[in-house]
Amino acid sequence: MMIPARLLGQENTKADLAITVTTLDGAPLSYATITITGGKSGHTDEQGKFIANNIKPGKYTITASMVGYQTASKNVDVAVGQSLDVVFTLQPGNSLSEVVVTAGRKAESIKEVPSSVSILNERQVKEQMNINPSVAAILGNTIPGLGVATNKANNAGQTLRGRQVLVLIDGIPQSTPLMNGSRDIRTIDPAVIERVEVIKGATSIYGNGSAGGIINFITKKPVAGKSFTGLTSVGISGNVVHPANTLGYRFSQMFSGNINRFSYVVSGTVNYTGVQKDAKGNVNAQPDGLGQSRTYNAFVKSNYKINDNSDVTASYNLYTSTQKSDYVNVIGKYGVKPSVGQKGDDPGESAGTPYNHNVLLTYQNRALPLNSSVDLSAYYNGFQSMNRYVAQGSAWYGPGQTKIQSYKKGVRLTLNTPWKLGNWGDGNVTYGLDLLNDRTNQILTDGRVYIPDMNMVNLAPYAQMKLDILTNLVFKAGIRYENATVTVKDYSTIAKGPNNQGSIPVTGGKIPYNATTFNAGLRYNKYDLFNPFVSFSQGFAITELGRILRSATSNTIETINTKPVITNNYEAGFSSRLGIVNLTAAYYISTSNLGANLVDNGNGVLVAQREPENVHGYELTADVNLSQQWSVGGSYAYVEGKSKQPNGAQVYLNGLRIAPPKATGYLGFRSDNKFDVKLYWIYTGNRDRFAVRSNGLYANSEGPVKSINLFNLGANYKFNTKFSAGLGIENLFNKAYYPVVAQYRAMDADYAMGVGTTANLNLYYSF
């Protein structure tokens, strides 16, 4: 269709386009992709707007697309000196349009990123939340290369491509790499997540802990154009086959709005999980389980628009998830019978995450000299992780219960400046400085120190260049300099027997870490049929320093091997769109000259092993839009890794690092924008790499894993513009199985079966 232009005057020789993209409800679609044939292309801003200034007069086809919506196009005819307003209202659908990623510190299309990226948008998060509201389960069921969830309060073993991942919330680090407590993925409720961005492979854009990649949870923004809106949701959950005592509930309330230059979002969520039972009706009371757990999430975000080009945003998120069960774990026998729960009292404090505080203050200005922009952020993260009480510790004397405490504060300065390289193409450079103070320790609730206070200060400048060579060849390269110092005061290792037996006094000191990491990549995006990329990237991590310090056998810090892990990631892949079909594929190799693999010391305790490592794998995805109603798709991910022993022998990395092959699939049906339903399939394959040790038992995390097939179902129905309902069923066919973690851990206490058929019913009211 032809759009009439609005004449502003004939004094100009060029024209302007102002493009707005909204949903059916009038909400702006941020980061929608705008393509102008023969002209400038890009993405809408947070207000759903895209401006193309000084374009040549003529005829253009404008296309607006975004994942989860039907692509729309309009033809326009712009004359000299004219300005044109074009509005797109996108319909929901099964469109597989390109996606925009911002985790690289600048919004850009995935077609411009020379690495593997997975995105979950708001609708996909909601679909998975109806099945299981645990973020670890949502990601484990959907992201290729990420291990499946453990059905626990921690995410131990849920690595990304065989390495630890750095978890962020709006760019604030949640992970505790100095002492990995494996609770960083479950640090936010999905009700406040707008989308999730997963960048795979080592990255030098972010600092400590990103050897496997990053997961960035991006929180919700207010609905534009309305002074007061709200979303209320209430839900119940429970085991369908064995319902007694399994009833859980969920309540969430969100308010948002815009008043002149001020906008806000306020949200609160309460989630209680009832007793969990396996397919046979046995109570699951495994250590660090989710049965009878309570989760609270409070979220506030406010924004003040100083002018059209600058604003200030402040946000706060509190997440707490703890378990207080009236069941205790009756330990079974690995490979013979499962551990089950029986009525009883746990003498310890509630295990889980007592609190995770995030405070963020951001200033943005998009009108600096040289068309530059700036993002200046200051943040604070306070985190506590409580482990399960044990009657007899394997690493200390007597009973005890440990907790990890981590307090991070930092400043992030990000600037972006565009530039032009003659007739060769356009480019930009993103550069800045990160300042981070991370103070982490691990103590017992009775006051004993398990890991001393590790106080790290890291100052890291970085720069990332992007050049669009001759329009279709994208070249990216970056550098980051890590300048960190960890201060440890004098301490003593924890006693292994009475009268301080086995305790070793260690003289503290300062441990310097200096490293320069690089990345470079190419992507050719001219043809939708074949969009290839190659890349090299490095990651930096002071990994498992706490485990190294607590296992010290010498008396001074200087003699302990505390060198950082530098990871080299090589990757090649492509994306392809052929009509109704979208395909992606990637192959990668990840190496490190000095790893930090955790291995059994012979007493069931995991200690860090500093040896060279080599990890490799591949990932495949496919999505097909059979029609506007029907869609089908799936993924497959394989990873394997070995470490090199001092004698030259190659030894497989254990299950804590390397997940078995994983496949996912879905079949979806959507009818007249009111009803949609999807059947999901999750498969984990076999992995058997280790023999039993001399005692006739498998070592910690070296057990064999047998394949698992599970099916989930998710459905949504929209009654009208205000009321809707969501139904999710986990383990649809009540499969009796042992989760991957229960198999590879090879520990009697952890040998518990997975949950049986569990239903979640949620009602939503929006106003």
# chains A, B, ... in the order shown; residues from 1 in each chain; ligands from 1
>>> residues_around(residues="Ile589 in chain A", least_positions_apart="2", cutoff="12 Å", atoms="only C-alpha atoms", output="PyMOL selection string")
chain A and resi 161-163+200-202+212+534-538+567-572+586-587+591-592+613-618+638-642
>>> residues_around(residues="range 405-413 of chain A", least_positions_apart="4", cutoff="7 Å", atoms="only C-alpha atoms", output="short mmCIF file (atom, residue, chain, number, x, y, z; two decimals) with N, CA and C atoms, in the first residue's frame")
data_model
loop_
_atom_site.label_atom_id
_atom_site.label_comp_id
_atom_site.auth_asym_id
_atom_site.auth_seq_id
_atom_site.Cartn_x
_atom_site.Cartn_y
_atom_site.Cartn_z
N THR A 176 29.18 -16.08 41.81
CA THR A 176 30.22 -15.93 42.83
C THR A 176 31.41 -16.79 42.44
N ASP A 375 26.50 5.15 28.81
CA ASP A 375 25.72 4.44 29.82
C ASP A 375 26.62 4.29 31.04
N LEU A 376 26.25 4.98 32.12
CA LEU A 376 27.03 4.94 33.36
C LEU A 376 26.18 4.29 34.44
N SER A 377 26.65 3.17 34.97
CA SER A 377 25.86 2.41 35.93
C SER A 377 26.67 2.17 37.20
N ALA A 378 25.98 2.28 38.32
CA ALA A 378 26.54 1.89 39.62
C ALA A 378 25.61 0.85 40.22
N TYR A 379 26.19 -0.19 40.85
CA TYR A 379 25.36 -1.28 41.33
C TYR A 379 25.88 -1.86 42.63
N TYR A 380 24.97 -2.59 43.28
CA TYR A 380 25.31 -3.34 44.49
C TYR A 380 24.56 -4.66 44.46
N ASN A 381 25.27 -5.73 44.80
CA ASN A 381 24.65 -7.05 44.92
C ASN A 381 25.06 -7.68 46.25
N GLY A 382 24.08 -8.02 47.07
CA GLY A 382 24.32 -8.72 48.33
C GLY A 382 23.64 -10.07 48.27
N PHE A 383 24.41 -11.13 48.48
CA PHE A 383 23.91 -12.47 48.24
C PHE A 383 24.33 -13.40 49.38
N GLN A 384 23.40 -14.27 49.79
CA GLN A 384 23.71 -15.29 50.77
C GLN A 384 23.11 -16.62 50.33
N SER A 385 23.93 -17.67 50.41
CA SER A 385 23.50 -19.01 50.03
C SER A 385 23.69 -19.93 51.23
N GLY A 432 34.97 1.39 27.38
CA GLY A 432 34.62 1.82 28.72
C GLY A 432 35.53 1.23 29.77
N LEU A 433 34.99 1.20 30.98
CA LEU A 433 35.77 0.79 32.15
C LEU A 433 34.84 0.12 33.15
N ASP A 434 35.28 -1.01 33.70
CA ASP A 434 34.55 -1.71 34.76
C ASP A 434 35.36 -1.68 36.05
N LEU A 435 34.72 -1.28 37.12
CA LEU A 435 35.34 -1.32 38.44
C LEU A 435 34.47 -2.20 39.33
N LEU A 436 35.07 -3.26 39.89
CA LEU A 436 34.32 -4.23 40.69
C LEU A 436 35.06 -4.54 41.98
N ASN A 437 34.29 -4.51 43.07
CA ASN A 437 34.79 -5.00 44.35
C ASN A 437 33.90 -6.18 44.76
N ASP A 438 34.52 -7.36 44.90
CA ASP A 438 33.81 -8.59 45.23
C ASP A 438 34.41 -9.15 46.51
N ARG A 439 33.58 -9.22 47.56
CA ARG A 439 34.04 -9.78 48.84
C ARG A 439 33.20 -11.02 49.14
N THR A 440 33.86 -12.17 49.15
CA THR A 440 33.17 -13.46 49.28
C THR A 440 33.84 -14.30 50.36
N ASN A 441 33.04 -15.03 51.13
CA ASN A 441 33.57 -15.99 52.10
C ASN A 441 32.58 -17.12 52.28
N GLN A 442 32.97 -18.14 53.02
CA GLN A 442 32.07 -19.23 53.37
C GLN A 442 32.34 -19.61 54.82
#
>>> select_by_dssp(residues="range 328-560 of chain A", states="helix (DSSP H, G or I)", output="list in words")
Pro369, Leu370, Asn371, Leu545, Gly546, Arg547, Ile548, Leu549, Arg550, Ile557, Glu558 and Thr559 of chain A
>>> atom_distance(atom1="CA of Asn180 in chain A", atom2="CA of Gly546 in chain A")
8.3 Å
>>> atom_distance(atom1="CA of Gly685 in chain A", atom2="CA of Thr159 in chain A")
16.0 Å
>>> residues_around(residues="range 331-342 of chain A", least_positions_apart="3", cutoff="7 Å", atoms="only C-alpha atoms", output="list in words")
Asn282, Val283, Asn284, Ala285, Tyr327, Val328, Ala746, Met747, Asp748, Ala749, Tyr751, Ala752 and Met753 of chain A
>>> atom_distance(atom1="CA of Ala314 in chain A", atom2="CA of Lys126 in chain A")
24.8 Å
>>> residues_around(residues="Ser252 in chain A", least_positions_apart="2", cutoff="10 Å", atoms="only C-alpha atoms", output="ChimeraX atom specification")
/A:191-192,231-235,250,254,267-271,296-298,764
>>> write_last_selection(atoms="C-alpha atoms", output="mmCIF file, in the first residue's frame")
data_model
loop_
_atom_site.group_PDB
_atom_site.id
_atom_site.type_symbol
_atom_site.label_atom_id
_atom_site.label_comp_id
_atom_site.auth_asym_id
_atom_site.auth_seq_id
_atom_site.Cartn_x
_atom_site.Cartn_y
_atom_site.Cartn_z
ATOM 1 C CA ALA A 191 7.413 -12.684 36.566
ATOM 2 C CA VAL A 192 9.743 -9.679 36.242
ATOM 3 C CA LEU A 231 -1.255 -7.445 35.924
ATOM 4 C CA THR A 232 -2.568 -9.811 38.601
ATOM 5 C CA SER A 233 -1.907 -13.530 38.506
ATOM 6 C CA VAL A 234 -2.964 -16.292 40.883
ATOM 7 C CA GLY A 235 -2.150 -19.952 40.519
ATOM 8 C CA ARG A 250 1.466 -18.600 43.495
ATOM 9 C CA MET A 254 2.551 -5.865 39.021
ATOM 10 C CA SER A 267 6.018 -5.983 41.362
ATOM 11 C CA GLY A 268 5.678 -8.553 44.114
ATOM 12 C CA THR A 269 5.538 -12.350 43.881
ATOM 13 C CA VAL A 270 4.935 -15.126 46.400
ATOM 14 C CA ASN A 271 5.408 -18.758 45.357
ATOM 15 C CA TYR A 296 9.505 -14.132 47.427
ATOM 16 C CA ASN A 297 10.452 -11.543 44.841
ATOM 17 C CA ALA A 298 10.064 -7.759 45.193
ATOM 18 C CA TYR A 764 -4.284 -13.580 34.750
#
>>> closest_residue(among="A:Asn416, A:Ser65, A:Thr757, A:Asn365", to="Asp308 in chain A", atoms="only C-alpha atoms")
A:Asn365
>>> closest_atom_pairs(of="range 547-633 of chain A", to="range 655-665 of chain A", cutoff="8 Å", atoms="only C-alpha atoms", output="CSV")
residue,atom,partner,partner_atom,distance
A:Asn597,CA,A:Arg657,CA,7.7
A:Leu598,CA,A:Leu656,CA,7.8
A:Val632,CA,A:Gly665,CA,7.5
A:Gly633,CA,A:Gly665,CA,5.6
>>> write_last_selection(atoms="N, CA and C atoms", output="PDB file, in the first residue's frame")
ATOM      1  N   ASN A 597      39.173 -27.841  37.298  1.00  0.00           N
ATOM      2  CA  ASN A 597      38.207 -28.931  37.349  1.00  0.00           C
ATOM      3  C   ASN A 597      38.095 -29.477  38.772  1.00  0.00           C
ATOM      4  N   LEU A 598      36.866 -29.754  39.203  1.00  0.00           N
ATOM      5  CA  LEU A 598      36.630 -30.282  40.543  1.00  0.00           C
ATOM      6  C   LEU A 598      36.587 -31.803  40.491  1.00  0.00           C
ATOM      7  N   VAL A 632       6.646 -26.196  14.453  1.00  0.00           N
ATOM      8  CA  VAL A 632       7.385 -27.324  15.002  1.00  0.00           C
ATOM      9  C   VAL A 632       8.863 -26.961  15.018  1.00  0.00           C
ATOM     10  N   GLY A 633       9.597 -27.516  15.963  1.00  0.00           N
ATOM     11  CA  GLY A 633      11.014 -27.188  16.035  1.00  0.00           C
ATOM     12  C   GLY A 633      11.730 -28.040  17.062  1.00  0.00           C
TER      13      GLY A 633
END
>>> residues_around(residues="Ser631 in chain A", least_positions_apart="3", cutoff="6 Å", atoms="only C-alpha atoms", output="PyMOL selection string")
chain A and resi 624-626+667-668
>>> residues_around(residues="Ala391 in chain A", least_positions_apart="4", cutoff="10 Å", atoms="only C-alpha atoms", output="ChimeraX atom specification")
/A:347-348,398-401
>>> closest_atom_pairs(of="range 94-191 of chain A", to="range 455-469 of chain A", cutoff="10 Å", atoms="only C-alpha atoms", output="CSV")
residue,atom,partner,partner_atom,distance
A:Gly104,CA,A:Gln464,CA,9.2
A:Arg105,CA,A:Gln464,CA,9.6
A:Glu112,CA,A:Asp468,CA,8.8
A:Val113,CA,A:Lys466,CA,9.6
A:Leu178,CA,A:Met456,CA,8.9
>>> write_last_selection(atoms="C-alpha atoms", output="PDB file, in the first residue's frame")
ATOM      1  CA  GLY A 104      27.088  -7.139  24.201  1.00  0.00           C
ATOM      2  CA  ARG A 105      26.467  -3.666  25.703  1.00  0.00           C
ATOM      3  CA  GLU A 112      25.465  -8.978  13.128  1.00  0.00           C
ATOM      4  CA  VAL A 113      26.888 -11.052  16.005  1.00  0.00           C
ATOM      5  CA  LEU A 178      35.579 -16.807  43.883  1.00  0.00           C
TER       6      LEU A 178
END
>>> closest_residue(among="A:Ile143, A:Val449, A:Ile708, A:Ala18", to="Gln82 in chain A", atoms="only C-alpha atoms")
A:Ala18
>>> closest_residue(among="A:Asn686, A:Asn700, A:Ser671, A:Asn519", to="Asn601 in chain A", atoms="only C-alpha atoms")
A:Asn700
>>> residues_around(residues="Ile36 in chain A", least_positions_apart="6", cutoff="8 Å", atoms="only C-alpha atoms", output="list in words")
Tyr60, Thr61, Ile62 and Thr63 of chain A
>>> closest_residue(among="A:Val755, A:Asn155, A:Ser372, A:Asn762", to="Ala725 in chain A", atoms="only C-alpha atoms")
A:Asn762
